[in-house]
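A.B. asks: Have a peek at upload-v6.cif (mmCIF, C-alpha atoms).
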data_run
loop_
_atom_site.group_PDB
_atom_site.id
_atom_site.type_symbol
_atom_site.label_atom_id
_atom_site.label_comp_id
_atom_site.auth_asym_id
_atom_site.auth_seq_id
_atom_site.Cartn_x
_atom_site.Cartn_y
_atom_site.Cartn_z
ATOM 1 C CA MET W 577 60.027 -69.357 -36.040
ATOM 2 C CA SER W 578 56.399 -69.643 -37.069
ATOM 3 C CA ILE W 579 54.318 -69.458 -40.233
ATOM 4 C CA THR W 580 54.041 -65.960 -41.708
ATOM 5 C CA LEU W 581 50.409 -64.771 -41.951
ATOM 6 C CA GLN W 582 49.145 -62.139 -44.381
ATOM 7 C CA SER W 583 45.594 -60.888 -44.912
ATOM 8 C CA THR W 584 43.835 -58.297 -47.028
ATOM 9 C CA VAL W 585 40.503 -58.843 -45.255
ATOM 10 C CA GLY W 586 41.118 -58.037 -41.602
ATOM 11 C CA GLY W 587 43.297 -60.831 -40.304
ATOM 12 C CA PHE W 588 42.658 -64.311 -38.962
ATOM 13 C CA SER W 589 40.190 -65.385 -36.290
ATOM 14 C CA PRO W 590 41.334 -65.653 -32.650
ATOM 15 C CA GLU W 591 40.576 -69.401 -32.644
ATOM 16 C CA PHE W 592 42.792 -69.846 -35.723
ATOM 17 C CA LEU W 593 45.630 -68.024 -33.979
ATOM 18 C CA ARG W 594 45.185 -70.173 -30.834
ATOM 19 C CA ARG W 595 45.316 -73.451 -32.782
ATOM 20 C CA LEU W 596 48.140 -72.480 -35.161
ATOM 21 C CA PRO W 597 50.994 -73.400 -32.733
ATOM 22 C CA ALA W 598 49.657 -76.985 -32.514
ATOM 23 C CA VAL W 599 49.622 -77.202 -36.317
ATOM 24 C CA GLU W 600 53.181 -75.885 -36.426
ATOM 25 C CA GLN W 601 54.264 -78.556 -33.925
ATOM 26 C CA ALA W 602 52.647 -81.246 -36.089
ATOM 27 C CA MET W 603 54.468 -79.830 -39.121
ATOM 28 C CA ILE W 604 57.815 -80.048 -37.321
ATOM 29 C CA ALA W 605 57.028 -83.629 -36.262
ATOM 30 C CA HIS W 606 56.460 -84.484 -39.942
ATOM 31 C CA GLY W 607 59.681 -82.872 -41.148
ATOM 32 C CA LEU W 608 58.257 -79.542 -42.326
ATOM 33 C CA GLU W 609 59.731 -76.180 -41.336
ATOM 34 C CA PRO W 610 56.900 -73.714 -40.484
ATOM 35 C CA ALA W 611 59.145 -70.682 -41.118
ATOM 36 C CA GLN W 612 59.219 -71.607 -44.822
ATOM 37 C CA PHE W 613 55.423 -71.215 -45.118
ATOM 38 C CA VAL W 614 53.424 -68.050 -45.794
ATOM 39 C CA ILE W 615 49.616 -68.145 -45.597
ATOM 40 C CA SER W 616 47.725 -65.346 -47.291
ATOM 41 C CA LYS W 617 43.993 -64.763 -46.751
ATOM 42 C CA ASP W 618 42.044 -62.809 -49.370
ATOM 43 C CA ARG W 619 38.454 -62.273 -50.411
ATOM 44 C CA ALA W 620 37.416 -65.052 -52.814
ATOM 45 C CA THR W 621 35.015 -62.895 -54.817
ATOM 46 C CA PRO W 622 34.671 -59.172 -55.356
ATOM 47 C CA PRO W 623 32.257 -57.477 -52.963
ATOM 48 C CA SER W 624 28.736 -57.530 -54.365
ATOM 49 C CA VAL W 625 26.771 -56.067 -51.466
ATOM 50 C CA PRO W 626 28.637 -53.392 -49.501
ATOM 51 C CA PHE W 627 27.282 -54.220 -46.020
ATOM 52 C CA ILE W 628 27.635 -57.997 -46.229
ATOM 53 C CA GLY W 629 31.048 -59.553 -45.713
ATOM 54 C CA PRO W 630 32.534 -62.202 -47.969
ATOM 55 C CA PHE W 631 31.043 -65.693 -47.919
ATOM 56 C CA PHE W 632 34.303 -67.396 -48.910
ATOM 57 C CA TYR W 633 37.994 -66.644 -48.612
ATOM 58 C CA ASP W 634 40.969 -67.661 -50.743
ATOM 59 C CA TYR W 635 43.810 -69.032 -48.617
ATOM 60 C CA THR W 636 47.056 -69.155 -50.569
ATOM 61 C CA VAL W 637 49.938 -71.112 -49.075
ATOM 62 C CA PHE W 638 53.434 -70.251 -50.327
ATOM 63 C CA VAL W 639 56.372 -72.611 -49.766
ATOM 64 C CA GLY W 640 59.530 -71.531 -51.555
ATOM 65 C CA ASP W 641 58.692 -71.197 -55.261
ATOM 66 C CA GLU W 642 55.550 -73.317 -54.929
ATOM 67 C CA HIS W 643 52.062 -72.248 -53.906
ATOM 68 C CA PHE W 644 48.479 -73.473 -53.841
ATOM 69 C CA THR W 645 45.148 -71.812 -53.145
ATOM 70 C CA VAL W 646 42.153 -73.219 -51.289
ATOM 71 C CA THR W 647 38.761 -71.514 -51.080
ATOM 72 C CA GLU W 648 36.966 -72.046 -47.766
ATOM 73 C CA PRO W 649 34.172 -70.269 -45.851
ATOM 74 C CA ASN W 650 36.225 -69.612 -42.694
ATOM 75 C CA ASP W 651 39.631 -69.834 -41.053
ATOM 76 C CA MET W 652 38.972 -72.979 -39.037
ATOM 77 C CA ILE W 653 37.863 -75.079 -42.002
ATOM 78 C CA PHE W 654 40.991 -73.981 -43.855
ATOM 79 C CA LEU W 655 43.193 -74.755 -40.831
ATOM 80 C CA ASP W 656 41.723 -78.256 -40.557
ATOM 81 C CA TYR W 657 42.358 -78.817 -44.284
ATOM 82 C CA PHE W 658 45.923 -77.498 -44.001
ATOM 83 C CA TYR W 659 46.605 -79.635 -40.918
ATOM 84 C CA GLN W 660 45.401 -82.776 -42.710
ATOM 85 C CA ARG W 661 47.694 -82.006 -45.668
ATOM 86 C CA CYS W 662 50.657 -81.472 -43.344
ATOM 87 C CA ILE W 663 50.262 -84.791 -41.553
ATOM 88 C CA ALA W 664 49.213 -86.823 -44.617
ATOM 89 C CA GLU W 665 51.391 -89.754 -45.524
ATOM 90 C CA ASP W 666 53.178 -89.616 -48.883
ATOM 91 C CA GLU W 667 51.990 -93.116 -49.777
ATOM 92 C CA MET W 668 49.116 -95.210 -48.529
ATOM 93 C CA SER W 669 49.911 -98.128 -46.288
ATOM 94 C CA PRO W 670 48.470 -101.536 -47.254
ATOM 95 C CA GLU W 671 45.851 -101.159 -44.503
ATOM 96 C CA GLN W 672 44.776 -97.767 -45.873
ATOM 97 C CA GLU W 673 44.532 -99.260 -49.371
ATOM 98 C CA ARG W 674 42.143 -101.919 -48.042
ATOM 99 C CA ARG W 675 40.026 -99.326 -46.270
ATOM 100 C CA LYS W 676 39.570 -97.188 -49.369
ATOM 101 C CA ARG W 677 35.946 -96.274 -49.710
ATOM 102 C CA ARG W 678 33.873 -97.708 -52.488
ATOM 103 C CA PRO W 679 32.686 -95.031 -54.941
ATOM 104 C CA GLY W 680 29.389 -93.461 -53.910
ATOM 105 C CA LEU W 681 26.067 -94.010 -55.626
ATOM 106 C CA ILE W 682 26.221 -90.815 -57.699
ATOM 107 C CA HIS W 683 29.771 -91.572 -58.849
ATOM 108 C CA ARG W 684 28.795 -95.133 -59.854
ATOM 109 C CA LEU W 685 25.692 -93.849 -61.671
ATOM 110 C CA LEU W 686 27.691 -91.260 -63.618
ATOM 111 C CA ASN W 687 30.290 -93.881 -64.564
ATOM 112 C CA TRP W 688 27.524 -96.225 -65.683
ATOM 113 C CA MET W 689 25.897 -93.481 -67.778
ATOM 114 C CA ALA W 690 29.252 -92.644 -69.395
ATOM 115 C CA GLN W 691 29.605 -96.194 -70.783
ATOM 116 C CA PRO W 692 29.005 -96.582 -74.541
ATOM 117 C CA ILE W 693 25.766 -98.235 -75.608
#
Could you rewrite the structure in this file as structure tokens?
C.D. replies:
Amino acid sequence: MSITLQSTVGGFSPEFLRRLPAVEQAMIAHGLEPAQFVISKDRATPPSVPFIGPFFYDYTVFVGDEHFTVTEPNDMIFLDYFYQRCIAEDEMSPEQERRKRRPGLIHRLLNWMAQPI
């Protein structure tokens, strides 16, 4: 059985629906049961201009008693995010620890500015 999809804004894109079975297969390969998941797509903000569609959508994923919401501009960006979360390792391997990225320039600058004088 597959993931249950719900939407209050006209459904999911055809490309999303084509790629969803591959995501479900990856979930099964990582020990997740797709039938336990419900994905709900809603408008992220109330409509401000009647003839212009929403710029962002809230995607809420329900699993049992747990849920989380992600705001993304379209179905495919959400699906990529969801896929990455499904295949993510619970803990980092030693090689992944070594490859951790150094904080970016802005992050280092903000940390430096936060230091007491």
A.B. asks: Which residues are close to Ile579 of chain W, i.e. within 9 Å by only C-alpha atoms, leaving aside same-chain residues fewer than 4 positions away? Reply as JSON, numbers by chain.
C.D. replies: {"W": [596, 600, 609, 610, 611, 612, 613, 614, 615]}
A.B. asks: Excluding Met652 of chain W and residues on its chain fewer than 4 positions from it, collect all residues at most 12 Å away from it, counting only C-alpha atoms, and give them as a ChimeraX atom specification.
C.D. replies: /W:588-596,599,633,635,648,656-659
A.B. asks: First collect every listed atom of segment 652-663 of chain W; then fit an axis-aligned box around them, widen it by 6 Å on each side, and give centre and edge lengths in Å to one decimal, as JSON.
C.D. replies:
{"center_x": 44.3, "center_y": -78.9, "center_z": -42.4, "size_x": 24.8, "size_y": 23.8, "size_z": 18.6}
A.B. asks: Expressed in Å to a single decimal, how great is the separation between atom CA of Arg684 of chain W and atom CA of Ile653 of chain W?
C.D. replies: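 We find that atom CA of Arg684 of chain W and atom CA of Ile653 of chain W lie 28.3 Å from each other.
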A.B. asks: Using all atoms listed in the file, find all polymer residues with an atom at most 8 Å away from the point (32.3, -69.1, -49.7); report them as an NGL selection string.
C.D. replies: :W and (620 or 630-633 or 647-649)
A.B. asks: Report, in Å to a single decimal, how far apart atom CA of Gly607 of chain W and atom CA of Val646 of chain W are.
C.D. replies: 22.4 Å
A.B. asks: Could you check the closest approach to Gln582 of chain W for each of W:Asn650, W:Thr636, W:Thr621, W:Gln601 and tell me which residue wins, using all atoms listed in the file?
C.D. replies: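 That would be W:Thr636, the residue with the smallest distance to Gln582 of chain W.
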